[in-house]
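Asker: You'll find run_32.txt just under this line, and it carries compact mmCIF, N, CA and C atoms.
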```txt
# COMPACT_ATOMS: atom_id res chain seq x y z
N MET O 1 11.54 11.88 4.11
CA MET O 1 10.98 11.30 5.31
C MET O 1 11.49 9.87 5.44
N THR O 2 12.07 9.57 6.57
CA THR O 2 12.58 8.21 6.77
C THR O 2 11.44 7.31 7.20
N GLN O 3 11.52 6.09 6.79
CA GLN O 3 10.46 5.15 7.13
C GLN O 3 10.83 4.37 8.38
N PRO O 4 9.83 4.08 9.21
CA PRO O 4 10.08 3.31 10.42
C PRO O 4 10.66 1.94 10.09
N ASN O 5 11.40 1.39 11.03
CA ASN O 5 12.05 0.10 10.86
C ASN O 5 11.04 -1.00 10.56
N TRP O 6 9.84 -0.92 11.15
CA TRP O 6 8.87 -1.99 10.93
C TRP O 6 8.37 -2.01 9.50
N ILE O 7 8.43 -0.89 8.79
CA ILE O 7 8.05 -0.90 7.37
C ILE O 7 9.01 -1.82 6.61
N ASP O 8 10.28 -1.73 6.94
CA ASP O 8 11.26 -2.62 6.31
C ASP O 8 10.96 -4.08 6.65
N LYS O 9 10.52 -4.33 7.87
CA LYS O 9 10.16 -5.70 8.27
C LYS O 9 8.96 -6.19 7.47
N TYR O 10 7.97 -5.33 7.30
CA TYR O 10 6.79 -5.72 6.50
C TYR O 10 7.19 -5.99 5.06
N LEU O 11 8.06 -5.16 4.50
CA LEU O 11 8.52 -5.38 3.14
C LEU O 11 9.30 -6.69 3.02
N PHE O 12 10.08 -7.01 4.05
CA PHE O 12 10.80 -8.27 4.07
C PHE O 12 9.81 -9.44 4.06
N GLU O 13 8.76 -9.36 4.89
CA GLU O 13 7.75 -10.42 4.94
C GLU O 13 7.05 -10.57 3.59
N LEU O 14 6.71 -9.46 2.97
CA LEU O 14 6.06 -9.51 1.65
C LEU O 14 6.97 -10.19 0.63
N THR O 15 8.24 -9.86 0.67
CA THR O 15 9.20 -10.47 -0.26
C THR O 15 9.31 -11.96 0.00
N LYS O 16 9.33 -12.34 1.27
CA LYS O 16 9.41 -13.76 1.63
C LYS O 16 8.20 -14.51 1.06
N TYR O 17 7.01 -13.96 1.25
CA TYR O 17 5.81 -14.61 0.73
C TYR O 17 5.79 -14.62 -0.80
N GLN O 18 6.31 -13.57 -1.42
CA GLN O 18 6.35 -13.53 -2.87
C GLN O 18 7.26 -14.63 -3.41
N LYS O 19 8.37 -14.88 -2.75
CA LYS O 19 9.27 -15.96 -3.16
C LYS O 19 8.56 -17.31 -3.04
N GLN O 20 7.77 -17.47 -1.98
CA GLN O 20 7.00 -18.71 -1.83
C GLN O 20 5.99 -18.85 -2.96
N LEU O 21 5.33 -17.76 -3.33
CA LEU O 21 4.37 -17.80 -4.43
C LEU O 21 5.06 -18.15 -5.75
N ASP O 22 6.22 -17.56 -5.96
CA ASP O 22 6.96 -17.80 -7.20
C ASP O 22 7.35 -19.27 -7.35
N GLN O 23 7.60 -19.95 -6.23
CA GLN O 23 8.01 -21.34 -6.27
C GLN O 23 6.81 -22.29 -6.27
N LEU O 24 5.64 -21.79 -6.02
CA LEU O 24 4.46 -22.63 -5.92
C LEU O 24 3.86 -22.90 -7.30
N HIS O 25 3.50 -24.13 -7.55
CA HIS O 25 2.88 -24.50 -8.82
C HIS O 25 1.53 -23.78 -8.93
N PRO O 26 1.21 -23.25 -10.11
CA PRO O 26 -0.05 -22.50 -10.28
C PRO O 26 -1.31 -23.30 -9.92
N GLU O 27 -1.24 -24.60 -10.01
CA GLU O 27 -2.41 -25.42 -9.69
C GLU O 27 -2.63 -25.60 -8.19
N MET O 28 -1.71 -25.16 -7.38
CA MET O 28 -1.84 -25.25 -5.92
C MET O 28 -2.64 -24.04 -5.43
N LYS O 29 -3.91 -24.04 -5.79
CA LYS O 29 -4.75 -22.85 -5.59
C LYS O 29 -5.02 -22.53 -4.13
N VAL O 30 -5.29 -23.53 -3.33
CA VAL O 30 -5.60 -23.28 -1.92
C VAL O 30 -4.36 -22.69 -1.22
N GLN O 31 -3.20 -23.20 -1.52
CA GLN O 31 -1.97 -22.69 -0.92
C GLN O 31 -1.69 -21.26 -1.41
N ARG O 32 -2.01 -21.00 -2.67
CA ARG O 32 -1.84 -19.65 -3.21
C ARG O 32 -2.73 -18.67 -2.46
N ILE O 33 -3.97 -19.07 -2.21
CA ILE O 33 -4.90 -18.21 -1.46
C ILE O 33 -4.35 -17.94 -0.06
N GLU O 34 -3.83 -18.98 0.56
CA GLU O 34 -3.29 -18.84 1.92
C GLU O 34 -2.12 -17.85 1.95
N ILE O 35 -1.20 -17.98 1.03
CA ILE O 35 -0.03 -17.10 1.00
C ILE O 35 -0.45 -15.67 0.63
N LEU O 36 -1.32 -15.56 -0.36
CA LEU O 36 -1.79 -14.23 -0.75
C LEU O 36 -2.54 -13.55 0.41
N SER O 37 -3.28 -14.31 1.18
CA SER O 37 -3.99 -13.75 2.33
C SER O 37 -3.01 -13.23 3.37
N LYS O 38 -1.92 -13.96 3.57
CA LYS O 38 -0.88 -13.49 4.50
C LYS O 38 -0.25 -12.20 3.97
N GLN O 39 -0.01 -12.15 2.68
CA GLN O 39 0.54 -10.94 2.07
C GLN O 39 -0.43 -9.77 2.24
N LEU O 40 -1.71 -10.05 2.08
CA LEU O 40 -2.72 -9.00 2.14
C LEU O 40 -2.70 -8.28 3.48
N VAL O 41 -2.43 -8.99 4.54
CA VAL O 41 -2.35 -8.36 5.87
C VAL O 41 -1.25 -7.30 5.88
N PHE O 42 -0.08 -7.66 5.38
CA PHE O 42 1.04 -6.72 5.38
C PHE O 42 0.81 -5.57 4.39
N ILE O 43 0.22 -5.89 3.25
CA ILE O 43 -0.08 -4.85 2.28
C ILE O 43 -1.06 -3.84 2.88
N GLY O 44 -2.07 -4.34 3.59
CA GLY O 44 -3.04 -3.46 4.23
C GLY O 44 -2.40 -2.57 5.28
N LYS O 45 -1.48 -3.12 6.06
CA LYS O 45 -0.78 -2.32 7.07
C LYS O 45 0.07 -1.24 6.41
N LEU O 46 0.73 -1.59 5.33
CA LEU O 46 1.53 -0.60 4.62
C LEU O 46 0.65 0.47 3.99
N ALA O 47 -0.46 0.07 3.41
CA ALA O 47 -1.38 1.04 2.82
C ALA O 47 -1.88 2.02 3.87
N ALA O 48 -2.21 1.52 5.04
CA ALA O 48 -2.69 2.39 6.12
C ALA O 48 -1.59 3.33 6.60
N GLU O 49 -0.38 2.82 6.74
CA GLU O 49 0.73 3.67 7.20
C GLU O 49 1.03 4.78 6.21
N PHE O 50 1.08 4.43 4.93
CA PHE O 50 1.39 5.44 3.94
C PHE O 50 0.24 6.43 3.77
N SER O 51 -0.96 6.00 3.99
CA SER O 51 -2.10 6.91 3.98
C SER O 51 -1.99 7.90 5.14
N GLU O 52 -1.61 7.39 6.31
CA GLU O 52 -1.43 8.25 7.48
C GLU O 52 -0.31 9.26 7.23
N GLN O 53 0.80 8.80 6.65
CA GLN O 53 1.90 9.72 6.36
C GLN O 53 1.45 10.83 5.41
N TYR O 54 0.71 10.45 4.39
CA TYR O 54 0.21 11.45 3.44
C TYR O 54 -0.66 12.48 4.14
N LYS O 55 -1.59 12.02 4.97
CA LYS O 55 -2.49 12.93 5.67
C LYS O 55 -1.73 13.86 6.63
N ARG O 56 -0.71 13.34 7.28
CA ARG O 56 0.09 14.17 8.19
C ARG O 56 0.85 15.25 7.43
N ILE O 57 1.44 14.89 6.31
CA ILE O 57 2.16 15.88 5.50
C ILE O 57 1.19 16.92 4.95
N TYR O 58 0.03 16.46 4.51
CA TYR O 58 -1.00 17.37 4.00
C TYR O 58 -1.39 18.38 5.08
N ALA O 59 -1.64 17.89 6.29
CA ALA O 59 -2.04 18.78 7.39
C ALA O 59 -0.91 19.77 7.72
N THR O 60 0.31 19.29 7.72
CA THR O 60 1.46 20.17 7.99
C THR O 60 1.57 21.24 6.91
N ARG O 61 1.41 20.84 5.66
CA ARG O 61 1.50 21.81 4.55
C ARG O 61 0.43 22.88 4.70
N LYS O 62 -0.79 22.48 5.01
CA LYS O 62 -1.88 23.45 5.16
C LYS O 62 -1.60 24.42 6.31
N ARG O 63 -1.06 23.88 7.44
CA ARG O 63 -0.76 24.71 8.60
C ARG O 63 0.35 25.70 8.28
N VAL O 64 1.45 25.21 7.67
CA VAL O 64 2.58 26.09 7.34
C VAL O 64 2.14 27.16 6.35
N TYR O 65 1.33 26.78 5.39
CA TYR O 65 0.83 27.75 4.42
C TYR O 65 0.05 28.86 5.13
N ALA O 66 -0.86 28.48 6.00
CA ALA O 66 -1.68 29.47 6.71
C ALA O 66 -0.83 30.36 7.62
N GLU O 67 0.09 29.75 8.36
CA GLU O 67 0.95 30.53 9.27
C GLU O 67 1.81 31.52 8.50
N THR O 68 2.37 31.08 7.38
CA THR O 68 3.22 31.95 6.57
C THR O 68 2.42 33.07 5.94
N LYS O 69 1.23 32.75 5.48
CA LYS O 69 0.39 33.77 4.86
C LYS O 69 -0.01 34.84 5.88
N ILE O 70 -0.31 34.41 7.09
CA ILE O 70 -0.67 35.35 8.15
C ILE O 70 0.52 36.23 8.54
N ALA O 71 1.70 35.62 8.61
CA ALA O 71 2.90 36.34 9.06
C ALA O 71 3.47 37.28 8.00
N ALA O 72 3.24 37.00 6.74
CA ALA O 72 3.82 37.82 5.67
C ALA O 72 3.18 39.20 5.63
N THR O 73 4.02 40.19 5.34
CA THR O 73 3.49 41.56 5.27
C THR O 73 3.06 41.91 3.85
N LYS O 74 3.71 41.35 2.85
CA LYS O 74 3.30 41.57 1.46
C LYS O 74 3.58 40.30 0.67
N ASN O 75 2.98 40.19 -0.48
CA ASN O 75 3.08 39.00 -1.31
C ASN O 75 2.76 37.74 -0.49
N LYS O 76 1.67 37.81 0.24
CA LYS O 76 1.30 36.75 1.18
C LYS O 76 1.20 35.38 0.52
N ALA O 77 0.46 35.28 -0.57
CA ALA O 77 0.26 33.98 -1.23
C ALA O 77 1.58 33.43 -1.77
N GLU O 78 2.39 34.31 -2.35
CA GLU O 78 3.67 33.87 -2.91
C GLU O 78 4.61 33.38 -1.81
N MET O 79 4.65 34.11 -0.69
CA MET O 79 5.50 33.71 0.44
C MET O 79 5.03 32.37 1.01
N ALA O 80 3.72 32.21 1.10
CA ALA O 80 3.17 30.96 1.63
C ALA O 80 3.49 29.80 0.70
N GLU O 81 3.37 30.01 -0.60
CA GLU O 81 3.69 28.95 -1.56
C GLU O 81 5.17 28.56 -1.49
N LEU O 82 6.04 29.54 -1.34
CA LEU O 82 7.46 29.24 -1.21
C LEU O 82 7.74 28.45 0.07
N ALA O 83 7.02 28.77 1.12
CA ALA O 83 7.23 28.10 2.41
C ALA O 83 6.84 26.62 2.36
N VAL O 84 5.89 26.27 1.50
CA VAL O 84 5.42 24.88 1.46
C VAL O 84 5.92 24.10 0.25
N ALA O 85 6.81 24.68 -0.53
CA ALA O 85 7.28 24.01 -1.75
C ALA O 85 7.88 22.64 -1.45
N GLU O 86 8.72 22.55 -0.44
CA GLU O 86 9.34 21.27 -0.10
C GLU O 86 8.31 20.28 0.44
N LEU O 87 7.37 20.81 1.22
CA LEU O 87 6.30 19.94 1.74
C LEU O 87 5.45 19.38 0.61
N ARG O 88 5.25 20.15 -0.43
CA ARG O 88 4.49 19.66 -1.59
C ARG O 88 5.20 18.46 -2.23
N GLU O 89 6.53 18.51 -2.30
CA GLU O 89 7.30 17.40 -2.85
C GLU O 89 7.14 16.16 -1.97
N GLU O 90 7.24 16.33 -0.66
CA GLU O 90 7.05 15.21 0.27
C GLU O 90 5.64 14.65 0.14
N GLU O 91 4.68 15.56 0.02
CA GLU O 91 3.28 15.16 -0.10
C GLU O 91 3.06 14.34 -1.37
N ALA O 92 3.69 14.74 -2.45
CA ALA O 92 3.56 14.01 -3.72
C ALA O 92 4.12 12.60 -3.59
N THR O 93 5.27 12.48 -2.94
CA THR O 93 5.87 11.16 -2.72
C THR O 93 4.97 10.30 -1.84
N ALA O 94 4.47 10.90 -0.76
CA ALA O 94 3.58 10.17 0.16
C ALA O 94 2.29 9.75 -0.54
N TYR O 95 1.77 10.62 -1.40
CA TYR O 95 0.55 10.29 -2.14
C TYR O 95 0.81 9.12 -3.08
N GLY O 96 1.96 9.13 -3.73
CA GLY O 96 2.32 8.02 -4.62
C GLY O 96 2.42 6.71 -3.86
N ASN O 97 3.07 6.74 -2.70
CA ASN O 97 3.17 5.53 -1.88
C ASN O 97 1.80 5.05 -1.42
N MET O 98 0.97 5.98 -0.97
CA MET O 98 -0.36 5.63 -0.50
C MET O 98 -1.15 4.96 -1.63
N THR O 99 -1.13 5.58 -2.79
CA THR O 99 -1.88 5.05 -3.94
C THR O 99 -1.34 3.69 -4.38
N ARG O 100 -0.03 3.57 -4.40
CA ARG O 100 0.60 2.31 -4.82
C ARG O 100 0.16 1.15 -3.91
N TRP O 101 0.16 1.37 -2.59
CA TRP O 101 -0.19 0.30 -1.66
C TRP O 101 -1.68 0.04 -1.61
N LYS O 102 -2.50 1.08 -1.82
CA LYS O 102 -3.95 0.84 -1.91
C LYS O 102 -4.26 0.01 -3.15
N ASN O 103 -3.59 0.33 -4.25
CA ASN O 103 -3.79 -0.45 -5.48
C ASN O 103 -3.31 -1.88 -5.31
N ALA O 104 -2.18 -2.05 -4.62
CA ALA O 104 -1.66 -3.41 -4.38
C ALA O 104 -2.65 -4.20 -3.52
N PHE O 105 -3.25 -3.54 -2.55
CA PHE O 105 -4.23 -4.20 -1.70
C PHE O 105 -5.43 -4.67 -2.53
N GLU O 106 -5.96 -3.78 -3.34
CA GLU O 106 -7.11 -4.12 -4.18
C GLU O 106 -6.77 -5.23 -5.17
N SER O 107 -5.61 -5.14 -5.80
CA SER O 107 -5.20 -6.15 -6.78
C SER O 107 -5.04 -7.52 -6.13
N THR O 108 -4.44 -7.55 -4.95
CA THR O 108 -4.23 -8.82 -4.26
C THR O 108 -5.57 -9.41 -3.84
N ARG O 109 -6.46 -8.56 -3.35
CA ARG O 109 -7.78 -9.04 -2.95
C ARG O 109 -8.54 -9.60 -4.16
N GLU O 110 -8.44 -8.92 -5.30
CA GLU O 110 -9.09 -9.41 -6.52
C GLU O 110 -8.48 -10.74 -6.98
N GLU O 111 -7.16 -10.86 -6.85
CA GLU O 111 -6.50 -12.11 -7.23
C GLU O 111 -6.97 -13.27 -6.34
N ILE O 112 -7.07 -13.01 -5.04
CA ILE O 112 -7.57 -14.03 -4.11
C ILE O 112 -8.98 -14.45 -4.50
N ASN O 113 -9.83 -13.47 -4.77
CA ASN O 113 -11.21 -13.79 -5.14
C ASN O 113 -11.28 -14.56 -6.46
N ALA O 114 -10.43 -14.24 -7.40
CA ALA O 114 -10.41 -14.97 -8.68
C ALA O 114 -10.00 -16.42 -8.46
N ILE O 115 -9.00 -16.63 -7.62
CA ILE O 115 -8.57 -18.00 -7.35
C ILE O 115 -9.67 -18.76 -6.61
N LYS O 116 -10.33 -18.10 -5.67
CA LYS O 116 -11.44 -18.74 -4.95
C LYS O 116 -12.53 -19.17 -5.93
N TYR O 117 -12.80 -18.33 -6.91
CA TYR O 117 -13.81 -18.66 -7.92
C TYR O 117 -13.37 -19.90 -8.70
N HIS O 118 -12.12 -19.96 -9.08
CA HIS O 118 -11.62 -21.13 -9.82
C HIS O 118 -11.69 -22.39 -8.98
N VAL O 119 -11.43 -22.26 -7.69
CA VAL O 119 -11.53 -23.42 -6.79
C VAL O 119 -12.98 -23.91 -6.75
N ARG O 120 -13.93 -22.99 -6.64
CA ARG O 120 -15.35 -23.38 -6.64
C ARG O 120 -15.74 -24.08 -7.94
N VAL O 121 -15.26 -23.54 -9.05
CA VAL O 121 -15.55 -24.15 -10.35
C VAL O 121 -14.95 -25.55 -10.40
N ASP O 122 -13.72 -25.70 -9.94
CA ASP O 122 -13.06 -27.00 -9.94
C ASP O 122 -13.84 -28.00 -9.09
N ILE O 123 -14.32 -27.55 -7.95
CA ILE O 123 -15.09 -28.44 -7.07
C ILE O 123 -16.41 -28.84 -7.71
N GLU O 124 -17.09 -27.86 -8.33
CA GLU O 124 -18.38 -28.14 -8.94
C GLU O 124 -18.27 -29.07 -10.15
N ASP O 125 -17.20 -28.93 -10.93
CA ASP O 125 -17.10 -29.80 -12.11
C ASP O 125 -16.41 -31.13 -11.78
N GLY O 126 -16.04 -31.29 -10.51
CA GLY O 126 -15.49 -32.56 -10.07
C GLY O 126 -14.02 -32.76 -10.35
N SER O 127 -13.36 -31.74 -10.86
CA SER O 127 -11.93 -31.91 -11.12
C SER O 127 -11.19 -31.87 -9.79
N SER O 128 -10.04 -32.46 -9.78
CA SER O 128 -9.26 -32.53 -8.54
C SER O 128 -8.16 -31.48 -8.51
N ARG O 129 -8.33 -30.44 -9.30
CA ARG O 129 -7.28 -29.40 -9.37
C ARG O 129 -7.37 -28.42 -8.22
N ALA O 130 -8.39 -28.47 -7.40
CA ALA O 130 -8.55 -27.55 -6.28
C ALA O 130 -7.75 -28.05 -5.09
N ARG O 131 -6.47 -27.94 -5.20
CA ARG O 131 -5.57 -28.43 -4.13
C ARG O 131 -5.21 -27.34 -3.18
```
In structure tokens, write the structure found in this file.
Answerer:
Amino acid sequence: MTQPNWIDKYLFELTKYQKQLDQLHPEMKVQRIEILSKQLVFIGKLAAEFSEQYKRIYATRKRVYAETKIAATKNKAEMAELAVAELREEEATAYGNMTRWKNAFESTREEINAIKYHVRVDIEDGSSRAR
């Protein structure tokens, strides 16, 4: 399955923000939150797109399986399984992509929350590291 051009654009944006994060000093917490939040938007869009792709392939596989099973005169289940073998491979890839981006979304959100916690601690203890 080919991916839409905008997926490549989103991946480009994520890479751009990752380069900014890599160059940012770890103590620049507020800026890290800002960049990670921008990344989170694109990660969420990718997670949603790959989830949609997975669901579409799943629905197609179920439909093809049912149609083939109905049309077959003998060995119905075996014929249906053979008909959807390639779709199962696509579905597995789509499921992997969906899971990968959902996990990336959760991890990024947790990272943002951890940094926010450190900023609050820095503010409460009076340190000036919450930049």
Asker: Enumerate, as a PyMOL selection string, the complete set of residues in chain O that a backbone-based DSSP assignment places in alpha helix (DSSP H).
Answerer: chain O and resi 5-23+29-71+76-83+85-124
Asker: Give me, as a ChimeraX atom specification, all polymer residues having an atom no more than 8 Å from Lys102 in chain O, counting all atoms listed in the file and skipping those fewer than 2 positions away in the same chain.
Answerer: /O:43-44,46-48,51,96-100,104-108
Asker: Please identify every residue of range 1-36 of chain O that has at least one atom no farther than 7 Å from an atom of range 109-124 of chain O, counting only N, CA and C atoms, and for each give the shortest atom pair and the distance in Å to one decimal, arranged by chain then increasing number, as JSON lines.
Answerer:
```
{"residue": "O:Lys29", "atom": "CA", "partner": "O:Ile115", "partner_atom": "CA", "distance": 6.4}
{"residue": "O:Arg32", "atom": "C", "partner": "O:Ile112", "partner_atom": "CA", "distance": 6.9}
{"residue": "O:Ile33", "atom": "CA", "partner": "O:Ile112", "partner_atom": "CA", "distance": 5.6}
{"residue": "O:Leu36", "atom": "CA", "partner": "O:Ile112", "partner_atom": "CA", "distance": 6.7}
```
Asker: If we count all atoms listed in the file, what is near range 56-66 of chain O at a cut-off of 7 Å, once residues fewer than 2 positions away on the same chain are taken out, given as a PyMOL selection string?
Answerer: chain O and resi 51-54+68-71+80-81+83-84+87-88+90-91
Asker: At what distance in Å, to one decimal, does atom C of Thr93 in chain O lie from atom N of Val41 in chain O?
Answerer: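 Going from atom N of Val41 in chain O over to atom C of Thr93 in chain O covers 21.6 Å.
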Asker: Between atom N of Leu40 in chain O and CA of Leu14 in chain O, measure the distance and give it in Å to one decimal.
Answerer: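 Here the two named atoms are 7.8 Å from each other.
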